Amino acid sequence: MTVRNLDKLFRPASVAVVGASNKPHSVGSVVMRNLLDGGFDGPIMPVNPHQTSVAGVLCHADIEGLPVTPDLAVVCTPPETVPGVIDALGRAGTRAAVVITAGVDQTAMLAASRPYLLRILGHNCVGLLVPGLGLNASFAPSGLTAGDIAFVSQSGALCTAVLDWAAQREIGFSHFVSLGNGADVDFGDVIDYLAQDRATRSILLYIESVTQARKFLSACRAASRAKPIVAIKSGRNSQGAKAAHSHTGALAGRDDVYDAALARGGVLRVDTTEDLFEAVETLARVRPVRGDGLVIVTNGGGLGVMAADALAERGGKLADLSPETLAALDKVLPATWSRGNPVDIIGDAPGSRYGDALDVLLTAREADALVVMHAPTGITSSTEVARGVAAKLQGCRKPVLANWMGGRVVAPGRDILEEAGIPSFETPGSVVSAFMQLVDYRRLQSLLIETPPAQLESFSPDRDRAASVIKAVLDDGRSLLTEHEAKQLLDAYGVPIVVTRVARDEDEAERLAQEMGYPVVVKVLSRDISHKSDVGGVALNLKTAEAVRGAVEAIRGRVGELRPDAAIDGFTVQQMVTRSGAHELLVGSFVDDVFGPVIMFGQGGTAVEVVRDRAVTLPPLNMAIARRLIAKTRVSRLLEGYRDRPSADMEAIETALLKGGQLVADFAEVSELDINPLLADDKGVIALDARVALKPATTSGVARLAIRPYPSELEEVVTLRDGQALTLRPIRPEDEAAHGDFFDHIDKEDLRLRFFNVVKRPEHDALARFTQIDYDREMCFIATRRTGNGQETLGVVRAIADPDNERAEYAVIVRSDYKGTGLGYALMRKLIDYCRGRGTGELFGIVLAENQAMRQLAETLGFETRKGEDATVVETVLKLT
């Protein structure tokens, strides 16, 4: 990720147009005219050896002859000339270019730009618009107004269509960016830049595909904490899932993966361009929802029913009105009102009746949000009703949306509501959609700061054993593990399995069955057969030696008939697991071309493809993410228990997901994992069958993940001056409670010296931001020790680097009772070594001038002290590279 030189792209002081032309309707002509007409306040310099002037501006024969070095160049020359143009621009000192030309040799173009750190937008793009600067460096139509929405798109055609659509609706933009091929500047770079741009309130994305998934998600996760990101991803119904050995791979739809990835990035996904802009306006103008209980107020029962239907289809819910609310409404509404939600206040309702109902509902605790609906009648005035509603909602602290249904008659009422800051929609479906966007956005934001339950402290997989299984299979030239090998792999990671033994023939199968005790299950063992039931390779509930012998013979015969090409390596014998009422589940993983390993959960069994009840997410997982993954499936409702069936052991299911996810993260060789069925009931889980596919690894398991997992390799034990041994490790989301307690053990004066102000114990949102970090962007090490109640935090040091990793700002604090023990020094050394190892240019910190202890520590560590912005602070700086 890098924003290096993007200021030259998005805030240039001068622009050159290489390939400017006087030829009507040519790209070079349109770009030049757009720049001149946009009102850009800086030199605009056309470059073309065949022209004396372009659009009335003196033209220059070559880049070397320009009177000033342009910050930005717009390149619209033939494709074969582009690498040479980029090289000339780089030598001249230009550091950003918009390459509109299509069909460019991308490798040569990037090679030309790299020595100069020249950033390229494109190639094959429409260009760039920054209306606040009057910059229209594109061949798109001009006339765009300035605003606070940034739009970033891979589709050039969509860019021009959206510009025209937005102009008609008077929607303004802070930036309008066409990425084109995204050879250099991509989504991640632009999102990083816009996250820090004060003129941008929200970011809209049109996505066709994503490259560098970790960079993209890291940028989204950082930006979405500060401002909304809303996206359209095309190809929602793509049939591009590849065939795979396991059920999991066959079920994987790339759109499911994009859904999961965008959710992990805090990005709200919508379906249409209208939804895109409506979502932004709704999020900007309506108070955030605190829950998902909606109350509908309407003067027409039909309108309310339509809205309720739309809400149910979107997965929303109507609030249940409390007895107190019903009683209060009885006092102010006609006897014939609906006495339920939707609140139908009858067709003759004037504005005063709406106001009386709102008085009650605005104070009802069960009402998280309101939708006020109105259909015109000959009895009341739609305008008068709108005035009454607008007056009642002044200063309202609950989110309220409106639907004035109709056309010409209700239009003035809509205008009144809009002027009062109440978003008004034309249909029940659209107003409900807006409400669900608020709910979905709240959920996404909650996920970003959710505190997960404690991790599996005792979980310590046998990685050496797992590695030996994987190595043996690859050394044998195979890609598919046998059932016995797959279960060995799961057992190494602590996933409960049914004990399985391998028999070469009928005699050995009979002997193993007798040793285990009847009843047993016999299955074919073949490296060539993935789904044993497809070839009749499974025999269940065998209760005698004769039954075992007969099953082996029958399986051999069926396999020989149906799969004569398959080699039979033997037969597996396992105890028959009989758990009445247990659920058959699927836990799996596959590798997506874009986002790498993906974890899948759903209903298992032989009918898994028919039932198609599954959900996906990206690793790494914690217990909270695993719980949400399970909740997305239909089978989750059965797992909660019903009638005389107790609820399943949800913690055991979540733990199995975590262990499967850890296996995939540890071994890049694992391309597919399929535990099916995983039996689950109130007694726990057990894997009855498993399939694992391998590929030779070209990278580490962690490197292929789209989200960097917890870096356990950075954990170490240090000894303080008093001989006390503490663990220094990266912070985890699960540390939130201990982090809050940590503040309770720091004196007010120490807190003031660290935070430059007296601070109290942080609330959940702040603690979540302290403990839930992106390990690709920042690092926080904590010193901990184990107590009877869990882990205790004794000291914290953190550093946040800029996207280019040139500078990282540090901060450190230890508990007041640990000052003078050497803990601060140990934490700082840990941080310095980490930052140096990842190539950070320099480490710096802003320190109160009066904080002599911190200044002395920094000096001891080799930091240079410089003047700060004012006399109260100093800057301590350590060069690392």
# chains A, B, ... in the order shown; residues from 1 in each chain; ligands from 1
>>> select_by_dssp(residues="stretch 223-381 of chain A", states="alpha helix (DSSP H)", output="PyMOL selection string")
chain A and resi 223+247-251+254-264+273-285+301-313+323-332+351-361
>>> residues_around(residues="stretch 46-54 of chain A", least_positions_apart="6", cutoff="6 Å", atoms="only C-alpha atoms", output="list in words")
Ala16, Val17, Val18, Gly19, Ala20, Asn22, His60, Ala61 and Asp62 of chain A
>>> residues_around(residues="A:Arg95", least_positions_apart="6", cutoff="10 Å", atoms="only C-alpha atoms", output="PyMOL selection string")
chain A and resi 4-9+12+69-73+86+89+113+116-120
>>> atom_distance(atom1="atom CA of A:Phe40", atom2="atom CA of A:Phe173")
15.7 Å
>>> closest_residue(among="A:Val520, A:Val82, A:Ile832, A:Ala626", to="A:Thr578", atoms="only C-alpha atoms")
A:Val520
>>> closest_residue(among="A:Arg264, A:Thr544, A:Asp765, A:Glu506", to="A:Pro620", atoms="only C-alpha atoms")
A:Arg264
>>> residues_around(residues="stretch 345-355 of chain A", least_positions_apart="6", cutoff="7 Å", atoms="only C-alpha atoms", output="JSON, numbers by chain")
{"A": [298, 299, 300, 333, 337, 379, 380, 384, 385, 386, 388, 389, 392]}
>>> write_last_selection(atoms="N, CA and C atoms", output="tab-separated table (two decimals), in the first residue's frame")
chain	number	residue	atom	x	y	z
A	298	THR	N	-48.62	4.76	9.40
A	298	THR	CA	-49.20	4.94	8.07
A	298	THR	C	-50.67	5.32	8.19
A	299	ASN	N	-51.16	5.99	7.15
A	299	ASN	CA	-52.60	6.28	7.08
A	299	ASN	C	-53.31	5.29	6.16
A	300	GLY	N	-52.59	4.26	5.71
A	300	GLY	CA	-53.20	3.26	4.84
A	300	GLY	C	-52.69	1.87	5.17
A	333	LEU	N	-55.41	7.81	19.51
A	333	LEU	CA	-55.83	7.37	18.18
A	333	LEU	C	-57.27	6.90	18.19
A	337	TRP	N	-57.96	2.10	15.11
A	337	TRP	CA	-56.56	1.97	14.65
A	337	TRP	C	-56.11	0.52	14.77
A	379	ILE	N	-59.67	13.77	1.94
A	379	ILE	CA	-60.12	14.30	3.24
A	379	ILE	C	-59.07	15.20	3.86
A	380	THR	N	-57.79	14.81	3.72
A	380	THR	CA	-56.72	15.60	4.34
A	380	THR	C	-55.74	16.07	3.27
A	384	GLU	N	-50.28	19.55	4.40
A	384	GLU	CA	-50.51	19.86	5.81
A	384	GLU	C	-49.97	18.76	6.71
A	385	VAL	N	-50.13	17.51	6.27
A	385	VAL	CA	-49.59	16.38	7.04
A	385	VAL	C	-48.07	16.48	7.10
A	386	ALA	N	-47.44	16.80	5.96
A	386	ALA	CA	-45.98	16.91	5.93
A	386	ALA	C	-45.50	18.00	6.87
A	388	GLY	N	-47.01	19.06	9.58
A	388	GLY	CA	-47.19	18.59	10.95
A	388	GLY	C	-46.11	17.60	11.36
A	389	VAL	N	-45.77	16.69	10.46
A	389	VAL	CA	-44.72	15.70	10.75
A	389	VAL	C	-43.37	16.38	10.89
A	392	LYS	N	-43.08	18.17	14.19
A	392	LYS	CA	-42.97	17.26	15.32
A	392	LYS	C	-41.58	16.63	15.42
>>> select_by_dssp(residues="stretch 698-807 of chain A", states="strand (DSSP E or B)", output="PyMOL selection string")
chain A and resi 716-719+725-730+778-787+790-801+807
>>> residues_around(residues="A:Gly84", least_positions_apart="3", cutoff="12 Å", atoms="only C-alpha atoms", output="PyMOL selection string")
chain A and resi 18+62-63+75+77-81+87-91+104-105+108-113
>>> residues_around(residues="A:Thr881", least_positions_apart="5", cutoff="9 Å", atoms="only C-alpha atoms", output="list in words")
Arg836, Gly839, Thr840, Gly841 and Glu842 of chain A
>>> atom_distance(atom1="atom CA of A:Gly517", atom2="atom CA of A:Val573")
10.8 Å
>>> residues_around(residues="A:Val664", least_positions_apart="6", cutoff="8 Å", atoms="only C-alpha atoms", output="list in words")
Ser589, Pro597, Val670 and Gly701 of chain A
>>> closest_residue(among="A:Phe277, A:Leu311, A:Leu490, A:Pro619", to="A:Val469", atoms="only C-alpha atoms")
A:Leu490
>>> closest_residue(among="A:Asn34, A:Asn403, A:Ser174, A:Ser224", to="A:Val297", atoms="only C-alpha atoms")
A:Asn403
>>> closest_residue(among="A:Thr94, A:Ser526, A:Asn789, A:Thr101", to="A:Cys76", atoms="only C-alpha atoms")
A:Thr101
>>> closest_residue(among="A:Glu281, A:Glu426, A:Asp192, A:Glu450", to="A:Gln772", atoms="only C-alpha atoms")
A:Glu450
>>> atom_distance(atom1="atom CA of A:Asp682", atom2="atom CA of A:Gly790")
26.9 Å
>>> decode(residues="stretch 162-203 of chain A", atoms="N, CA and C atoms", output="PDB file, in the first residue's frame")
ATOM      1  N   VAL A 162     -22.601   7.696 -14.873  1.00  0.00           N
ATOM      2  CA  VAL A 162     -22.858   8.206 -13.525  1.00  0.00           C
ATOM      3  C   VAL A 162     -22.680   9.718 -13.481  1.00  0.00           C
ATOM      4  N   LEU A 163     -21.694  10.237 -14.198  1.00  0.00           N
ATOM      5  CA  LEU A 163     -21.501  11.685 -14.239  1.00  0.00           C
ATOM      6  C   LEU A 163     -22.750  12.380 -14.770  1.00  0.00           C
ATOM      7  N   ASP A 164     -23.299  11.838 -15.841  1.00  0.00           N
ATOM      8  CA  ASP A 164     -24.499  12.441 -16.421  1.00  0.00           C
ATOM      9  C   ASP A 164     -25.678  12.299 -15.457  1.00  0.00           C
ATOM     10  N   TRP A 165     -25.808  11.126 -14.851  1.00  0.00           N
ATOM     11  CA  TRP A 165     -26.893  10.856 -13.900  1.00  0.00           C
ATOM     12  C   TRP A 165     -26.782  11.779 -12.695  1.00  0.00           C
ATOM     13  N   ALA A 166     -25.576  11.958 -12.175  1.00  0.00           N
ATOM     14  CA  ALA A 166     -25.369  12.780 -10.988  1.00  0.00           C
ATOM     15  C   ALA A 166     -25.595  14.264 -11.283  1.00  0.00           C
ATOM     16  N   ALA A 167     -25.185  14.696 -12.467  1.00  0.00           N
ATOM     17  CA  ALA A 167     -25.362  16.106 -12.828  1.00  0.00           C
ATOM     18  C   ALA A 167     -26.841  16.464 -12.859  1.00  0.00           C
ATOM     19  N   GLN A 168     -27.672  15.558 -13.367  1.00  0.00           N
ATOM     20  CA  GLN A 168     -29.114  15.806 -13.426  1.00  0.00           C
ATOM     21  C   GLN A 168     -29.709  15.944 -12.030  1.00  0.00           C
ATOM     22  N   ARG A 169     -29.122  15.221 -11.062  1.00  0.00           N
ATOM     23  CA  ARG A 169     -29.633  15.235  -9.687  1.00  0.00           C
ATOM     24  C   ARG A 169     -28.862  16.188  -8.781  1.00  0.00           C
ATOM     25  N   GLU A 170     -27.949  16.946  -9.379  1.00  0.00           N
ATOM     26  CA  GLU A 170     -27.160  17.953  -8.654  1.00  0.00           C
ATOM     27  C   GLU A 170     -26.376  17.334  -7.500  1.00  0.00           C
ATOM     28  N   ILE A 171     -25.794  16.171  -7.754  1.00  0.00           N
ATOM     29  CA  ILE A 171     -24.930  15.502  -6.781  1.00  0.00           C
ATOM     30  C   ILE A 171     -23.500  15.954  -7.026  1.00  0.00           C
ATOM     31  N   GLY A 172     -22.826  16.396  -5.974  1.00  0.00           N
ATOM     32  CA  GLY A 172     -21.463  16.885  -6.115  1.00  0.00           C
ATOM     33  C   GLY A 172     -20.441  15.873  -5.635  1.00  0.00           C
ATOM     34  N   PHE A 173     -19.217  16.021  -6.105  1.00  0.00           N
ATOM     35  CA  PHE A 173     -18.150  15.070  -5.803  1.00  0.00           C
ATOM     36  C   PHE A 173     -16.900  15.794  -5.324  1.00  0.00           C
ATOM     37  N   SER A 174     -16.172  15.131  -4.420  1.00  0.00           N
ATOM     38  CA  SER A 174     -14.839  15.607  -4.071  1.00  0.00           C
ATOM     39  C   SER A 174     -13.811  15.071  -5.068  1.00  0.00           C
ATOM     40  N   HIS A 175     -13.993  13.824  -5.478  1.00  0.00           N
ATOM     41  CA  HIS A 175     -13.119  13.189  -6.467  1.00  0.00           C
ATOM     42  C   HIS A 175     -13.950  12.241  -7.319  1.00  0.00           C
ATOM     43  N   PHE A 176     -13.573  12.131  -8.573  1.00  0.00           N
ATOM     44  CA  PHE A 176     -14.204  11.186  -9.486  1.00  0.00           C
ATOM     45  C   PHE A 176     -13.068  10.506 -10.241  1.00  0.00           C
ATOM     46  N   VAL A 177     -12.859   9.221  -9.957  1.00  0.00           N
ATOM     47  CA  VAL A 177     -11.637   8.547 -10.391  1.00  0.00           C
ATOM     48  C   VAL A 177     -11.972   7.324 -11.227  1.00  0.00           C
ATOM     49  N   SER A 178     -11.421   7.283 -12.434  1.00  0.00           N
ATOM     50  CA  SER A 178     -11.531   6.105 -13.287  1.00  0.00           C
ATOM     51  C   SER A 178     -10.212   5.351 -13.219  1.00  0.00           C
ATOM     52  N   LEU A 179     -10.237   4.144 -12.647  1.00  0.00           N
ATOM     53  CA  LEU A 179      -8.998   3.380 -12.455  1.00  0.00           C
ATOM     54  C   LEU A 179      -8.500   2.724 -13.729  1.00  0.00           C
ATOM     55  N   GLY A 180      -9.412   2.428 -14.656  1.00  0.00           N
ATOM     56  CA  GLY A 180      -8.988   1.709 -15.845  1.00  0.00           C
ATOM     57  C   GLY A 180      -8.406   0.361 -15.482  1.00  0.00           C
ATOM     58  N   ASN A 181      -7.242   0.039 -16.038  1.00  0.00           N
ATOM     59  CA  ASN A 181      -6.613  -1.253 -15.767  1.00  0.00           C
ATOM     60  C   ASN A 181      -5.964  -1.324 -14.397  1.00  0.00           C
ATOM     61  N   GLY A 182      -5.810  -0.189 -13.737  1.00  0.00           N
ATOM     62  CA  GLY A 182      -5.225  -0.199 -12.391  1.00  0.00           C
ATOM     63  C   GLY A 182      -3.830  -0.775 -12.356  1.00  0.00           C
ATOM     64  N   ALA A 183      -3.022  -0.456 -13.366  1.00  0.00           N
ATOM     65  CA  ALA A 183      -1.675  -1.024 -13.438  1.00  0.00           C
ATOM     66  C   ALA A 183      -0.823  -0.626 -12.243  1.00  0.00           C
ATOM     67  N   ASP A 184      -0.985   0.594 -11.770  1.00  0.00           N
ATOM     68  CA  ASP A 184      -0.228   1.072 -10.610  1.00  0.00           C
ATOM     69  C   ASP A 184      -1.188   1.501  -9.507  1.00  0.00           C
ATOM     70  N   VAL A 185      -1.815   2.641  -9.669  1.00  0.00           N
ATOM     71  CA  VAL A 185      -2.757   3.137  -8.668  1.00  0.00           C
ATOM     72  C   VAL A 185      -4.014   2.266  -8.715  1.00  0.00           C
ATOM     73  N   ASP A 186      -4.349   1.662  -7.581  1.00  0.00           N
ATOM     74  CA  ASP A 186      -5.500   0.765  -7.541  1.00  0.00           C
ATOM     75  C   ASP A 186      -6.449   1.177  -6.418  1.00  0.00           C
ATOM     76  N   PHE A 187      -7.449   0.346  -6.177  1.00  0.00           N
ATOM     77  CA  PHE A 187      -8.442   0.677  -5.149  1.00  0.00           C
ATOM     78  C   PHE A 187      -7.782   0.954  -3.804  1.00  0.00           C
ATOM     79  N   GLY A 188      -6.867   0.094  -3.394  1.00  0.00           N
ATOM     80  CA  GLY A 188      -6.242   0.262  -2.093  1.00  0.00           C
ATOM     81  C   GLY A 188      -5.544   1.602  -1.944  1.00  0.00           C
ATOM     82  N   ASP A 189      -4.801   2.006  -2.962  1.00  0.00           N
ATOM     83  CA  ASP A 189      -4.095   3.286  -2.911  1.00  0.00           C
ATOM     84  C   ASP A 189      -5.065   4.457  -2.800  1.00  0.00           C
ATOM     85  N   VAL A 190      -6.099   4.442  -3.639  1.00  0.00           N
ATOM     86  CA  VAL A 190      -7.043   5.559  -3.667  1.00  0.00           C
ATOM     87  C   VAL A 190      -7.833   5.627  -2.361  1.00  0.00           C
ATOM     88  N   ILE A 191      -8.259   4.476  -1.846  1.00  0.00           N
ATOM     89  CA  ILE A 191      -8.992   4.473  -0.574  1.00  0.00           C
ATOM     90  C   ILE A 191      -8.110   5.017   0.543  1.00  0.00           C
ATOM     91  N   ASP A 192      -6.852   4.611   0.575  1.00  0.00           N
ATOM     92  CA  ASP A 192      -5.929   5.142   1.585  1.00  0.00           C
ATOM     93  C   ASP A 192      -5.839   6.661   1.509  1.00  0.00           C
ATOM     94  N   TYR A 193      -5.753   7.184   0.292  1.00  0.00           N
ATOM     95  CA  TYR A 193      -5.650   8.633   0.131  1.00  0.00           C
ATOM     96  C   TYR A 193      -6.941   9.320   0.576  1.00  0.00           C
ATOM     97  N   LEU A 194      -8.064   8.801   0.116  1.00  0.00           N
ATOM     98  CA  LEU A 194      -9.346   9.438   0.418  1.00  0.00           C
ATOM     99  C   LEU A 194      -9.697   9.354   1.900  1.00  0.00           C
ATOM    100  N   ALA A 195      -9.198   8.326   2.578  1.00  0.00           N
ATOM    101  CA  ALA A 195      -9.467   8.207   4.014  1.00  0.00           C
ATOM    102  C   ALA A 195      -8.925   9.398   4.779  1.00  0.00           C
ATOM    103  N   GLN A 196      -7.849   9.970   4.292  1.00  0.00           N
ATOM    104  CA  GLN A 196      -7.214  11.106   4.973  1.00  0.00           C
ATOM    105  C   GLN A 196      -7.647  12.453   4.395  1.00  0.00           C
ATOM    106  N   ASP A 197      -8.465  12.414   3.341  1.00  0.00           N
ATOM    107  CA  ASP A 197      -8.862  13.644   2.662  1.00  0.00           C
ATOM    108  C   ASP A 197     -10.056  14.274   3.380  1.00  0.00           C
ATOM    109  N   ARG A 198      -9.854  15.491   3.885  1.00  0.00           N
ATOM    110  CA  ARG A 198     -10.910  16.146   4.665  1.00  0.00           C
ATOM    111  C   ARG A 198     -12.101  16.550   3.813  1.00  0.00           C
ATOM    112  N   ALA A 199     -11.899  16.708   2.532  1.00  0.00           N
ATOM    113  CA  ALA A 199     -12.995  17.121   1.653  1.00  0.00           C
ATOM    114  C   ALA A 199     -13.915  15.952   1.312  1.00  0.00           C
ATOM    115  N   THR A 200     -13.515  14.746   1.652  1.00  0.00           N
ATOM    116  CA  THR A 200     -14.293  13.555   1.310  1.00  0.00           C
ATOM    117  C   THR A 200     -15.014  13.029   2.545  1.00  0.00           C
ATOM    118  N   ARG A 201     -16.345  12.986   2.463  1.00  0.00           N
ATOM    119  CA  ARG A 201     -17.155  12.486   3.572  1.00  0.00           C
ATOM    120  C   ARG A 201     -17.477  11.009   3.411  1.00  0.00           C
ATOM    121  N   SER A 202     -17.613  10.549   2.176  1.00  0.00           N
ATOM    122  CA  SER A 202     -17.942   9.148   1.930  1.00  0.00           C
ATOM    123  C   SER A 202     -17.305   8.710   0.623  1.00  0.00           C
ATOM    124  N   ILE A 203     -17.111   7.390   0.497  1.00  0.00           N
ATOM    125  CA  ILE A 203     -16.411   6.811  -0.650  1.00  0.00           C
ATOM    126  C   ILE A 203     -17.320   5.792  -1.321  1.00  0.00           C
TER     127      ILE A 203
END
